[in-house]
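Have a look at query-v8.tsv below; it lists TSV, C-alpha atoms and all ligand atoms.
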chain	number	residue	atom	x	y	z
A	1	MET	CA	0.00	0.00	0.00
A	2	THR	CA	1.33	3.42	-0.88
A	3	LEU	CA	0.00	6.32	1.12
A	4	LYS	CA	0.18	9.59	-0.80
A	5	ASN	CA	-0.78	13.09	0.27
A	6	ASP	CA	-0.30	14.84	-3.04
A	7	CYS	CA	-3.88	15.35	-4.19
A	8	PHE	CA	-5.48	17.70	-1.63
A	9	ARG	CA	-2.29	18.09	0.46
A	10	LEU	CA	-3.73	17.70	3.93
A	11	GLY	CA	-2.00	19.56	6.74
A	12	ALA	CA	-0.45	17.95	9.80
A	13	SER	CA	-3.38	18.66	12.12
A	14	GLU	CA	-5.94	17.08	9.78
A	15	LEU	CA	-3.69	14.03	9.25
A	16	MET	CA	-3.38	13.59	13.00
A	17	ARG	CA	-7.16	13.92	13.41
A	18	ILE	CA	-7.62	11.22	10.78
A	19	TYR	CA	-5.33	8.96	12.77
A	20	ARG	CA	-7.10	9.74	16.04
A	21	ASP	CA	-10.53	9.06	14.53
A	22	MET	CA	-9.44	5.65	13.24
A	23	VAL	CA	-7.97	4.76	16.64
A	24	ARG	CA	-11.16	5.92	18.40
A	25	ILE	CA	-13.27	3.57	16.29
A	26	ARG	CA	-10.94	0.62	16.81
A	27	GLU	CA	-10.83	1.16	20.56
A	28	PHE	CA	-14.60	1.50	20.69
A	29	GLU	CA	-15.27	-1.62	18.63
A	30	GLU	CA	-12.70	-3.78	20.39
A	31	ALA	CA	-14.21	-2.92	23.78
A	32	CYS	CA	-17.63	-4.25	22.69
A	33	PRO	CA	-17.27	-8.06	22.58
A	34	ALA	CA	-16.41	-8.36	26.29
A	35	LEU	CA	-19.30	-6.06	27.27
A	36	TYR	CA	-21.64	-8.08	25.08
A	37	SER	CA	-20.53	-11.34	26.73
A	38	GLN	CA	-21.22	-9.77	30.12
A	39	GLY	CA	-24.82	-9.22	29.02
A	40	LYS	CA	-24.54	-5.45	29.02
A	41	MET	CA	-25.62	-5.15	25.39
A	42	GLY	CA	-28.43	-7.01	23.65
A	43	GLY	CA	-29.56	-7.70	20.11
A	44	PHE	CA	-27.29	-7.60	17.10
A	45	LEU	CA	-23.77	-6.25	17.13
A	46	HIS	CA	-21.92	-5.74	13.83
A	47	LEU	CA	-18.39	-4.49	14.38
A	48	TYR	CA	-16.40	-2.24	12.05
A	49	SER	CA	-12.80	-3.17	12.98
A	50	GLY	CA	-10.70	-3.30	9.81
A	51	GLN	CA	-12.90	-0.90	7.84
A	52	GLU	CA	-11.91	2.31	9.67
A	53	ALA	CA	-10.07	3.84	6.71
A	54	VAL	CA	-13.32	3.90	4.73
A	55	GLY	CA	-15.49	5.63	7.32
A	56	VAL	CA	-12.82	8.09	8.40
A	57	GLY	CA	-11.67	8.87	4.84
A	58	VAL	CA	-15.30	9.53	3.88
A	59	ALA	CA	-16.15	11.64	6.94
A	60	HIS	CA	-13.09	13.85	6.58
A	61	ALA	CA	-13.96	14.54	2.94
A	62	MET	CA	-17.42	15.81	3.98
A	63	HIS	CA	-18.50	19.19	5.24
A	64	ARG	CA	-20.19	19.28	8.62
A	65	GLU	CA	-23.58	20.03	7.01
A	66	ASP	CA	-23.35	17.11	4.55
A	67	PHE	CA	-25.51	14.09	5.31
A	68	MET	CA	-24.32	10.54	5.92
A	69	VAL	CA	-26.64	7.55	5.57
A	70	SER	CA	-25.52	4.00	6.16
A	71	ALA	CA	-26.39	0.35	6.68
A	72	TYR	CA	-26.25	-1.37	10.07
A	73	ARG	CA	-22.44	-1.65	10.46
A	74	GLU	CA	-22.40	1.94	11.56
A	75	HIS	CA	-20.86	2.52	15.00
A	76	GLY	CA	-17.63	3.57	13.30
A	77	LEU	CA	-19.46	5.81	10.86
A	78	ILE	CA	-21.44	7.79	13.44
A	79	LEU	CA	-18.24	8.24	15.46
A	80	ALA	CA	-16.41	9.41	12.33
A	81	LYS	CA	-19.20	11.94	11.69
A	82	GLY	CA	-18.46	13.45	15.09
A	83	THR	CA	-20.90	11.96	17.60
A	84	PRO	CA	-19.13	11.48	20.95
A	85	PRO	CA	-18.56	7.85	22.03
A	86	GLY	CA	-20.71	8.16	25.23
A	87	PRO	CA	-24.15	8.33	23.55
A	88	VAL	CA	-23.07	5.73	20.97
A	89	MET	CA	-22.04	3.30	23.71
A	90	ALA	CA	-25.19	4.10	25.71
A	91	GLU	CA	-27.26	3.16	22.66
A	92	LEU	CA	-25.62	-0.27	22.63
A	93	PHE	CA	-26.49	-0.59	26.33
A	94	GLY	CA	-30.13	0.30	25.52
A	95	LYS	CA	-29.96	3.35	27.77
A	96	VAL	CA	-32.08	6.49	27.46
A	97	THR	CA	-28.95	8.61	26.93
A	98	GLY	CA	-28.21	6.70	23.73
A	99	VAL	CA	-28.27	8.45	20.35
A	100	SER	CA	-31.64	6.83	19.60
A	101	ARG	CA	-32.80	6.95	23.25
A	102	GLY	CA	-31.91	3.29	23.63
A	103	LYS	CA	-34.54	2.15	21.14
A	104	GLY	CA	-32.34	1.64	18.11
A	105	GLY	CA	-29.42	-0.44	19.33
A	106	SER	CA	-26.46	-1.36	17.18
A	107	MET	CA	-28.24	-1.12	13.84
A	108	HIS	CA	-30.38	2.01	14.20
A	109	MET	CA	-28.28	4.87	15.37
A	110	PHE	CA	-29.26	8.41	14.43
A	111	ASP	CA	-27.85	11.88	15.12
A	112	ALA	CA	-29.75	14.52	13.17
A	113	GLU	CA	-27.70	17.33	14.67
A	114	ARG	CA	-24.51	15.90	13.19
A	115	ARG	CA	-26.40	14.86	10.08
A	116	PHE	CA	-25.93	11.16	10.59
A	117	MET	CA	-29.29	9.99	9.24
A	118	GLY	CA	-29.13	6.27	10.26
A	119	GLY	CA	-28.32	3.23	10.63
A	120	TYR	CA	-30.67	0.82	8.66
A	121	GLY	CA	-31.04	-2.95	9.01
A	122	ILE	CA	-32.65	-3.81	5.67
A	123	VAL	CA	-29.90	-4.50	3.16
A	124	ALA	CA	-29.98	-1.66	0.55
A	125	GLY	CA	-33.23	-0.31	2.04
A	126	HIS	CA	-31.54	2.99	2.84
A	127	LEU	CA	-30.36	3.77	-0.68
A	128	PRO	CA	-33.69	5.26	-1.77
A	129	LEU	CA	-33.78	7.24	1.48
A	130	ALA	CA	-30.39	8.72	0.59
A	131	VAL	CA	-31.65	9.62	-2.88
A	132	GLY	CA	-34.76	11.23	-1.36
A	133	LEU	CA	-32.59	13.22	1.00
A	134	GLY	CA	-30.48	14.28	-1.98
A	135	PHE	CA	-33.62	15.28	-3.85
A	136	SER	CA	-34.66	17.45	-0.91
A	137	ILE	CA	-31.33	19.27	-1.25
A	138	LEU	CA	-32.10	20.03	-4.91
A	139	TYR	CA	-35.62	21.07	-3.97
A	140	ARG	CA	-34.34	23.49	-1.33
A	141	GLU	CA	-31.65	24.71	-3.75
A	142	SER	CA	-29.05	24.07	-1.10
A	143	ASP	CA	-25.49	22.89	-1.62
A	144	GLU	CA	-25.23	20.00	0.82
A	145	VAL	CA	-24.27	16.52	-0.35
A	146	VAL	CA	-25.35	13.07	0.82
A	147	VAL	CA	-22.87	10.24	1.21
A	148	CYS	CA	-24.53	6.83	1.29
A	149	LEU	CA	-22.50	3.85	2.52
A	150	PHE	CA	-23.52	0.21	2.03
A	151	GLY	CA	-22.02	-3.26	1.77
A	152	ASP	CA	-21.14	-5.38	-1.25
A	153	GLY	CA	-24.28	-7.45	-0.60
A	154	ALA	CA	-26.48	-4.40	-1.18
A	155	THR	CA	-25.36	-4.12	-4.81
A	156	ASN	CA	-27.28	-7.32	-5.68
A	157	GLN	CA	-30.60	-5.88	-4.53
A	158	GLY	CA	-33.11	-4.46	-7.01
A	159	VAL	CA	-33.48	-1.31	-4.99
A	160	PHE	CA	-29.77	-0.53	-5.46
A	161	HIS	CA	-30.44	-0.22	-9.20
A	162	GLU	CA	-33.61	1.82	-8.72
A	163	ALA	CA	-31.72	4.23	-6.49
A	164	MET	CA	-28.79	4.52	-8.93
A	165	ASN	CA	-31.20	5.17	-11.80
A	166	MET	CA	-33.17	7.88	-10.04
A	167	ALA	CA	-30.05	9.58	-8.70
A	168	ALA	CA	-28.53	9.78	-12.18
A	169	LEU	CA	-31.79	10.79	-13.84
A	170	TYR	CA	-32.35	13.77	-11.55
A	171	LYS	CA	-28.63	14.54	-11.00
A	172	VAL	CA	-29.07	14.13	-7.28
A	173	PRO	CA	-26.05	15.15	-5.12
A	174	VAL	CA	-25.34	11.68	-3.71
A	175	VAL	CA	-22.05	9.85	-3.44
A	176	PHE	CA	-22.60	6.10	-3.20
A	177	VAL	CA	-19.80	4.35	-1.32
A	178	CYS	CA	-19.77	0.57	-1.43
A	179	GLU	CA	-17.72	-0.98	1.37
A	180	ASN	CA	-16.69	-4.19	-0.32
A	181	ASN	CA	-15.44	-6.30	2.58
A	182	GLY	CA	-15.59	-9.47	0.50
A	183	TYR	CA	-18.61	-11.07	2.21
A	184	GLY	CA	-22.32	-10.71	2.85
A	185	ILE	CA	-22.58	-12.68	6.13
A	186	GLY	CA	-20.73	-15.89	5.09
A	187	THR	CA	-21.21	-15.60	1.32
A	188	SER	CA	-18.24	-14.32	-0.66
A	189	VAL	CA	-18.75	-11.68	-3.34
A	190	GLY	CA	-17.84	-14.18	-6.06
A	191	ARG	CA	-20.70	-16.48	-5.02
A	192	ALA	CA	-23.30	-13.72	-4.94
A	193	SER	CA	-22.45	-11.23	-7.67
A	194	SER	CA	-22.02	-11.89	-11.40
A	195	VAL	CA	-19.64	-8.93	-11.49
A	196	GLU	CA	-16.85	-9.02	-8.91
A	197	GLN	CA	-15.51	-5.54	-9.62
A	198	LEU	CA	-18.48	-3.88	-8.05
A	199	TYR	CA	-17.65	-0.36	-9.24
A	200	LYS	CA	-18.65	-1.47	-12.74
A	201	LYS	CA	-22.28	-1.68	-11.71
A	202	SER	CA	-22.76	2.07	-12.07
A	203	CYS	CA	-21.91	2.22	-15.77
A	204	ALA	CA	-25.47	1.23	-16.74
A	205	TYR	CA	-26.57	4.55	-15.26
A	206	GLU	CA	-23.75	6.60	-16.81
A	207	THR	CA	-22.60	7.35	-13.28
A	208	PRO	CA	-18.83	7.54	-12.83
A	209	GLY	CA	-17.60	4.51	-10.93
A	210	SER	CA	-14.17	3.92	-9.42
A	211	ARG	CA	-12.42	1.47	-7.15
A	212	VAL	CA	-10.13	2.46	-4.30
A	213	ASP	CA	-8.04	0.66	-1.70
A	214	GLY	CA	-10.33	0.81	1.32
A	215	MET	CA	-7.40	0.13	3.66
A	216	ASN	CA	-5.72	3.34	2.51
A	217	VAL	CA	-7.39	6.28	4.22
A	218	LEU	CA	-5.83	8.93	1.96
A	219	GLU	CA	-6.92	7.14	-1.20
A	220	VAL	CA	-10.48	6.94	0.13
A	221	TYR	CA	-10.35	10.60	1.13
A	222	ASP	CA	-9.16	11.77	-2.32
A	223	ALA	CA	-11.77	9.80	-4.25
A	224	VAL	CA	-14.65	10.82	-1.99
A	225	ARG	CA	-13.66	14.47	-1.90
A	226	GLN	CA	-13.52	14.60	-5.70
A	227	ALA	CA	-16.93	12.94	-5.93
A	228	ILE	CA	-18.37	15.33	-3.33
A	229	ASN	CA	-17.01	18.34	-5.21
A	230	ARG	CA	-18.63	17.03	-8.37
A	231	ALA	CA	-21.97	16.53	-6.63
A	232	ARG	CA	-21.82	19.98	-5.01
A	233	GLU	CA	-21.21	21.56	-8.41
A	234	GLY	CA	-24.44	20.03	-9.68
A	235	ALA	CA	-22.90	17.27	-11.83
A	236	GLY	CA	-24.81	14.48	-10.04
A	237	PRO	CA	-23.94	11.20	-8.37
A	238	SER	CA	-20.77	9.12	-8.28
A	239	TYR	CA	-20.13	5.61	-7.11
A	240	ILE	CA	-16.99	4.47	-5.30
A	241	GLU	CA	-16.13	0.91	-4.40
A	242	ALA	CA	-13.75	0.76	-1.43
A	243	VAL	CA	-12.13	-2.65	-1.12
A	244	THR	CA	-11.74	-3.52	2.54
A	245	TYR	CA	-12.04	-6.32	5.09
A	246	ARG	CA	-13.75	-6.81	8.43
A	247	PHE	CA	-11.42	-8.33	10.98
A	248	ARG	CA	-14.27	-9.85	12.99
A	249	GLY	CA	-17.23	-12.02	12.05
A	250	HIS	CA	-20.33	-10.66	10.35
A	251	SER	CA	-21.90	-10.12	13.77
A	252	ILE	CA	-20.92	-11.00	17.31
A	253	SER	CA	-22.47	-14.46	16.91
A	254	ASP	CA	-20.42	-15.36	13.81
A	255	PRO	CA	-17.10	-17.15	14.40
A	256	GLY	CA	-16.25	-16.55	10.72
A	257	THR	CA	-15.09	-20.09	9.97
A	258	TYR	CA	-15.65	-19.59	6.23
A	259	ARG	CA	-12.46	-17.50	6.01
A	260	SER	CA	-9.03	-19.10	5.97
A	261	GLU	CA	-6.32	-18.21	8.45
A	262	GLN	CA	-4.09	-17.27	5.53
A	263	GLU	CA	-6.68	-14.82	4.18
A	264	ARG	CA	-7.14	-13.19	7.57
A	265	LYS	CA	-3.40	-12.87	8.03
A	266	MET	CA	-2.94	-11.28	4.64
A	267	TRP	CA	-5.56	-8.62	5.43
A	268	LYS	CA	-4.27	-8.06	8.95
A	269	GLU	CA	-0.96	-7.03	7.40
A	270	ARG	CA	-2.93	-4.38	5.56
A	271	ASP	CA	-4.49	-3.03	8.78
A	272	PRO	CA	-5.14	0.65	7.99
A	273	ILE	CA	-4.17	1.94	11.44
A	274	PRO	CA	-0.56	0.72	11.96
A	275	ASN	CA	0.15	1.36	8.28
A	276	PHE	CA	-1.01	4.95	8.61
A	277	SER	CA	0.85	5.53	11.87
A	278	ARG	CA	4.06	4.20	10.30
A	279	TRP	CA	3.56	6.60	7.42
A	280	LEU	CA	2.98	9.53	9.80
A	281	ILE	CA	6.24	8.71	11.55
A	282	ASP	CA	8.19	8.20	8.31
A	283	GLN	CA	6.94	11.50	6.93
A	284	GLY	CA	7.89	13.32	10.12
A	285	TYR	CA	4.37	14.28	11.21
A	286	ALA	CA	4.67	12.54	14.58
A	287	GLY	CA	7.03	10.56	16.76
A	288	GLU	CA	6.34	7.18	18.41
A	289	ALA	CA	5.44	8.86	21.71
A	290	ILE	CA	2.73	11.03	20.13
A	291	ILE	CA	1.27	8.05	18.28
A	292	GLN	CA	1.18	5.99	21.47
A	293	GLY	CA	-0.22	8.94	23.43
A	294	ILE	CA	-3.17	9.17	21.04
A	295	VAL	CA	-3.95	5.48	21.54
A	296	GLU	CA	-3.90	5.95	25.31
A	297	GLU	CA	-6.09	9.06	25.16
A	298	GLU	CA	-8.64	7.34	22.97
A	299	ARG	CA	-8.65	4.24	25.19
A	300	ALA	CA	-9.37	6.48	28.19
A	301	LEU	CA	-12.15	8.24	26.25
A	302	ILE	CA	-13.80	4.88	25.51
A	303	ALA	CA	-13.47	3.84	29.17
A	304	LYS	CA	-15.36	7.04	30.07
A	305	ALA	CA	-17.99	6.25	27.43
A	306	ILE	CA	-18.50	2.83	29.01
A	307	GLU	CA	-18.84	4.38	32.45
A	308	PHE	CA	-21.36	6.89	31.09
A	309	ALA	CA	-23.39	4.06	29.52
A	310	GLU	CA	-23.26	1.95	32.72
A	311	LYS	CA	-24.45	4.82	34.90
A	312	SER	CA	-27.20	6.01	32.54
A	313	PRO	CA	-30.83	5.05	33.28
A	314	ASP	CA	-32.93	2.66	31.23
A	315	PRO	CA	-35.71	4.29	29.18
A	316	ASP	CA	-39.02	4.74	30.94
A	317	LEU	CA	-41.77	2.30	29.98
A	318	GLU	CA	-43.68	5.32	28.61
A	319	GLU	CA	-40.98	5.58	25.94
A	320	LEU	CA	-42.58	2.60	24.22
A	321	TRP	CA	-45.28	4.97	22.92
A	322	THR	CA	-43.07	7.81	21.73
A	323	ASP	CA	-41.16	8.21	18.44
A	324	VAL	CA	-43.48	5.74	16.72
A	325	TYR	CA	-44.64	8.36	14.20
A	326	ALA	CA	-42.62	11.44	13.23
A	327	ASP	CA	-45.10	13.91	14.75
A	328	ALA	CA	-46.06	11.89	17.83
B	1	LIG	C1	-33.38	-7.21	2.41
B	1	LIG	C2	-32.57	-8.02	3.37
B	1	LIG	N1	-32.27	-9.29	3.04
B	1	LIG	C3	-31.52	-10.05	3.89
B	1	LIG	C4	-31.09	-9.53	5.08
B	1	LIG	C5	-30.24	-10.38	6.01
B	1	LIG	N2	-28.87	-9.87	5.99
B	1	LIG	C6	-28.40	-9.13	7.01
B	1	LIG	S1	-26.86	-8.64	6.74
B	1	LIG	C7	-26.75	-9.40	5.26
B	1	LIG	C8	-25.49	-9.36	4.45
B	1	LIG	C9	-25.18	-8.02	3.88
B	1	LIG	O1	-23.85	-7.97	3.49
B	1	LIG	P1	-23.15	-6.65	3.00
B	1	LIG	O2	-24.16	-5.78	2.29
B	1	LIG	O3	-21.95	-7.04	2.22
B	1	LIG	O4	-22.75	-5.88	4.34
B	1	LIG	P2	-21.66	-6.24	5.44
B	1	LIG	O5	-22.37	-7.01	6.51
B	1	LIG	O6	-20.59	-7.03	4.80
B	1	LIG	O7	-21.19	-4.94	5.97
B	1	LIG	C10	-27.94	-10.07	5.00
B	1	LIG	C11	-28.18	-10.85	3.79
B	1	LIG	C12	-31.46	-8.21	5.39
B	1	LIG	N3	-31.08	-7.64	6.53
B	1	LIG	N4	-32.17	-7.47	4.52
B	2	MG	MG	-19.97	-7.18	2.85

As structure tokens - that is how I would like this structure written.
Ligand SMILES: Cc1ncc(C[n+]2csc(CCOP(=O)(O)OP(=O)(O)O)c2C)c(N)n1
Ligand SMILES: [Mg+2]
Amino acid sequence: MTLKNDCFRLGASELMRIYRDMVRIREFEEACPALYSQGKMGGFLHLYSGQEAVGVGVAHAMHREDFMVSAYREHGLILAKGTPPGPVMAELFGKVTGVSRGKGGSMHMFDAERRFMGGYGIVAGHLPLAVGLGFSILYRESDEVVVCLFGDGATNQGVFHEAMNMAALYKVPVVFVCENNGYGIGTSVGRASSVEQLYKKSCAYETPGSRVDGMNVLEVYDAVRQAINRAREGAGPSYIEAVTYRFRGHSISDPGTYRSEQERKMWKERDPIPNFSRWLIDQGYAGEAIIQGIVEEERALIAKAIEFAEKSPDPDLEELWTDVYADA
């Protein structure tokens, strides 16, 4: 992997924030399995470890007022969009202080203030929502952009094609980002998709498609920022396939036995975090002590988030009747 900072030439402080954000997600995700085993979290739990370079590269390429919409593997994405770890952890604990007041859990996180518009459990079900959100931007004659993230499995759904068609037809400001982690649960891309280079699926809609190394945060950043600029200028949607890997099973209950040890090892060597920290050191942006200090700070931040979640109250029973309809 070659990390290059010659496209948008990011400054030292942004590069260090990128590193910190990836570490925050890893520390958050790696704290979850033990808490789940202790019965502190319930329901599904889909972890993002390994895919941090995609979420963080995307989030850094966005403006604060741009919208992010994603599938259910989204703890890392909402953190990358700027939501503090406390309310994200509290959501996993089902507490009232959670981002969705404890009613959404792992798959249905939402932070309208930071323009993280969910967290959806139906594979590809959120793509039309992203297009609708994009259409509302056109309607309001505003210059925000929507970035819609989804898995490789979503590209085999009919609704993926409907969304791509409508977005291109109306030149909607949406950037579609496919996180191709090689599997939909235990089914490899090659067994589910007639086309393995998933970026090619956008050509039917005359939407520019490209493939990037999803373990390389700067490559993701460059591609997404270019696509966002294009959308903001009114030129319509783009589609980016980021090739990545999840280090853990599909969900907490998946031991992942369908993947060979050799495959896992190969991808672990491509871990986006140590590769980026090595690059930061080699390029003179930081020394070992600063890199290690960031890990310790983020670990402490996650410990505080866990404490916040533990101490927070459960939702009141009355909460069962609220947030059922938008105006209720
Ligand atoms: C419409 C629909 N069909 C099936 C499922 C069951 N399901 C949950 S996750 C998943 C795999 C999706 O894989 P992918 O889109 O690659 O996302 P990843 O889990 O790899 O991030 C499936 C089939 C679902 N949630 N929704
Ligand atoms: Mg997948």

Restricting the calculation to all atoms listed in the file, which member of A:Ala305, A:Met164, A:Ile18, A:Ile185 is positioned closest to Arg248 of chain A? A:Ile185

For ligand MG 2 (chain B), which of A:Glu261, A:Glu241, A:Glu91, A:Glu219 is the closest residue, counting all atoms listed in the file? A:Glu241

Show me the residues close to (-10.0, 10.7, 5.1) - anything with an atom within 7 Å, counting all atoms listed in the file - and format the list as a PyMOL selection string. chain A and resi 18+56-61+217-218+220-221

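In this model, the gap between atom CA of Phe176 of chain A and atom CA of Asp323 of chain A comes to 28.6 Å.
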
Which residues of chain A have any atom within 7 Å of an atom in ligand MG 2 (chain B) when counting only C-alpha atoms and all ligand atoms, and what is the closest pair of atoms for each, with the distance in Å to one decimal? Order the rows by chain and rising number and write it as JSON lines.
{"residue": "A:Gly151", "atom": "CA", "partner": "B:MG2", "partner_atom": "MG", "distance": 4.6}
{"residue": "A:Asp152", "atom": "CA", "partner": "B:MG2", "partner_atom": "MG", "distance": 4.6}
{"residue": "A:Gly153", "atom": "CA", "partner": "B:MG2", "partner_atom": "MG", "distance": 5.5}
{"residue": "A:Glu179", "atom": "CA", "partner": "B:MG2", "partner_atom": "MG", "distance": 6.8}
{"residue": "A:Asn180", "atom": "CA", "partner": "B:MG2", "partner_atom": "MG", "distance": 5.5}
{"residue": "A:Asn181", "atom": "CA", "partner": "B:MG2", "partner_atom": "MG", "distance": 4.6}
{"residue": "A:Gly182", "atom": "CA", "partner": "B:MG2", "partner_atom": "MG", "distance": 5.5}
{"residue": "A:Tyr183", "atom": "CA", "partner": "B:MG2", "partner_atom": "MG", "distance": 4.2}
{"residue": "A:Gly184", "atom": "CA", "partner": "B:MG2", "partner_atom": "MG", "distance": 4.2}
{"residue": "A:Ile185", "atom": "CA", "partner": "B:MG2", "partner_atom": "MG", "distance": 6.9}

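Across A:Arg270, A:Arg259, A:His46, A:Lys311, the tightest approach to ligand LIG 1 (chain B) is made by A:His46 when counting only C-alpha atoms and all ligand atoms.
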
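If you measure from each of A:Arg230, A:His250, A:His108, A:Lys304 to ligand LIG 1 (chain B) using all atoms listed in the file, the closest one turns out to be A:His250.
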
Enclosing box along x, y and z for every listed atom of segment 153-163 of chain A, padded 4 Å each side, centre and size in Å, one decimal, as JSON:
{"center_x": -28.9, "center_y": -1.6, "center_z": -4.9, "size_x": 17.3, "size_y": 19.7, "size_z": 16.6}

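Separating atom CA of Val295 of chain A from atom CA of Arg115 of chain A is a distance of 26.9 Å.
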
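The closest residue to Met62 of chain A, picked from A:Glu113, A:Met22, A:Gln226, A:Tyr285 and counting all atoms listed in the file, is A:Gln226.
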
Kindly compile the residues surrounding ligand LIG 1 (chain B) within 10 Å, counting all atoms listed in the file, and format them as an MDAnalysis selection string. chainID A and resid 46:48 51 70:74 120:125 149:159 178:189 192 244:246 249:251

What would segment 31-51 of chain A look like with N, CA and C atoms in place, written as an mmCIF file, in the frame of the given file?
data_model
loop_
_atom_site.group_PDB
_atom_site.id
_atom_site.type_symbol
_atom_site.label_atom_id
_atom_site.label_comp_id
_atom_site.auth_asym_id
_atom_site.auth_seq_id
_atom_site.Cartn_x
_atom_site.Cartn_y
_atom_site.Cartn_z
ATOM 1 N N ALA A 31 -13.708 -2.842 22.398
ATOM 2 C CA ALA A 31 -14.210 -2.920 23.780
ATOM 3 C C ALA A 31 -15.551 -3.660 23.820
ATOM 4 N N CYS A 32 -16.237 -3.741 22.692
ATOM 5 C CA CYS A 32 -17.630 -4.250 22.690
ATOM 6 C C CYS A 32 -17.787 -5.746 22.971
ATOM 7 N N PRO A 33 -16.983 -6.642 22.378
ATOM 8 C CA PRO A 33 -17.270 -8.060 22.580
ATOM 9 C C PRO A 33 -17.321 -8.473 24.056
ATOM 10 N N ALA A 34 -16.406 -7.978 24.872
ATOM 11 C CA ALA A 34 -16.410 -8.360 26.290
ATOM 12 C C ALA A 34 -17.685 -7.861 26.971
ATOM 13 N N LEU A 35 -18.091 -6.632 26.644
ATOM 14 C CA LEU A 35 -19.300 -6.060 27.270
ATOM 15 C C LEU A 35 -20.536 -6.843 26.831
ATOM 16 N N TYR A 36 -20.519 -7.282 25.593
ATOM 17 C CA TYR A 36 -21.640 -8.080 25.080
ATOM 18 C C TYR A 36 -21.721 -9.404 25.840
ATOM 19 N N SER A 37 -20.549 -10.053 26.007
ATOM 20 C CA SER A 37 -20.530 -11.340 26.730
ATOM 21 C C SER A 37 -20.990 -11.185 28.167
ATOM 22 N N GLN A 38 -20.767 -10.004 28.731
ATOM 23 C CA GLN A 38 -21.220 -9.770 30.120
ATOM 24 C C GLN A 38 -22.708 -9.444 30.189
ATOM 25 N N GLY A 39 -23.367 -9.456 29.042
ATOM 26 C CA GLY A 39 -24.820 -9.220 29.020
ATOM 27 C C GLY A 39 -25.198 -7.752 29.122
ATOM 28 N N LYS A 40 -24.230 -6.877 28.893
ATOM 29 C CA LYS A 40 -24.540 -5.450 29.020
ATOM 30 C C LYS A 40 -25.175 -4.874 27.759
ATOM 31 N N MET A 41 -25.007 -5.585 26.656
ATOM 32 C CA MET A 41 -25.620 -5.150 25.390
ATOM 33 C C MET A 41 -26.512 -6.294 24.925
ATOM 34 N N GLY A 42 -27.564 -5.954 24.182
ATOM 35 C CA GLY A 42 -28.430 -7.010 23.650
ATOM 36 C C GLY A 42 -28.603 -6.850 22.154
ATOM 37 N N GLY A 43 -29.255 -7.797 21.543
ATOM 38 C CA GLY A 43 -29.560 -7.700 20.110
ATOM 39 C C GLY A 43 -28.345 -7.929 19.243
ATOM 40 N N PHE A 44 -28.403 -7.411 18.040
ATOM 41 C CA PHE A 44 -27.290 -7.600 17.100
ATOM 42 C C PHE A 44 -26.111 -6.715 17.461
ATOM 43 N N LEU A 45 -24.965 -7.080 16.942
ATOM 44 C CA LEU A 45 -23.770 -6.250 17.130
ATOM 45 C C LEU A 45 -22.843 -6.530 15.947
ATOM 46 N N HIS A 46 -22.770 -5.582 15.025
ATOM 47 C CA HIS A 46 -21.920 -5.740 13.830
ATOM 48 C C HIS A 46 -20.736 -4.786 13.973
ATOM 49 N N LEU A 47 -19.558 -5.341 14.100
ATOM 50 C CA LEU A 47 -18.390 -4.490 14.380
ATOM 51 C C LEU A 47 -17.668 -4.058 13.093
ATOM 52 N N TYR A 48 -16.976 -2.929 13.215
ATOM 53 C CA TYR A 48 -16.400 -2.240 12.050
ATOM 54 C C TYR A 48 -14.879 -2.374 11.973
ATOM 55 N N SER A 49 -14.267 -3.078 12.951
ATOM 56 C CA SER A 49 -12.800 -3.170 12.980
ATOM 57 C C SER A 49 -12.262 -3.663 11.644
ATOM 58 N N GLY A 50 -11.296 -2.957 11.105
ATOM 59 C CA GLY A 50 -10.700 -3.300 9.810
ATOM 60 C C GLY A 50 -11.129 -2.323 8.726
ATOM 61 N N GLN A 51 -12.346 -1.754 8.896
ATOM 62 C CA GLN A 51 -12.900 -0.900 7.840
ATOM 63 C C GLN A 51 -12.754 0.602 8.162
#
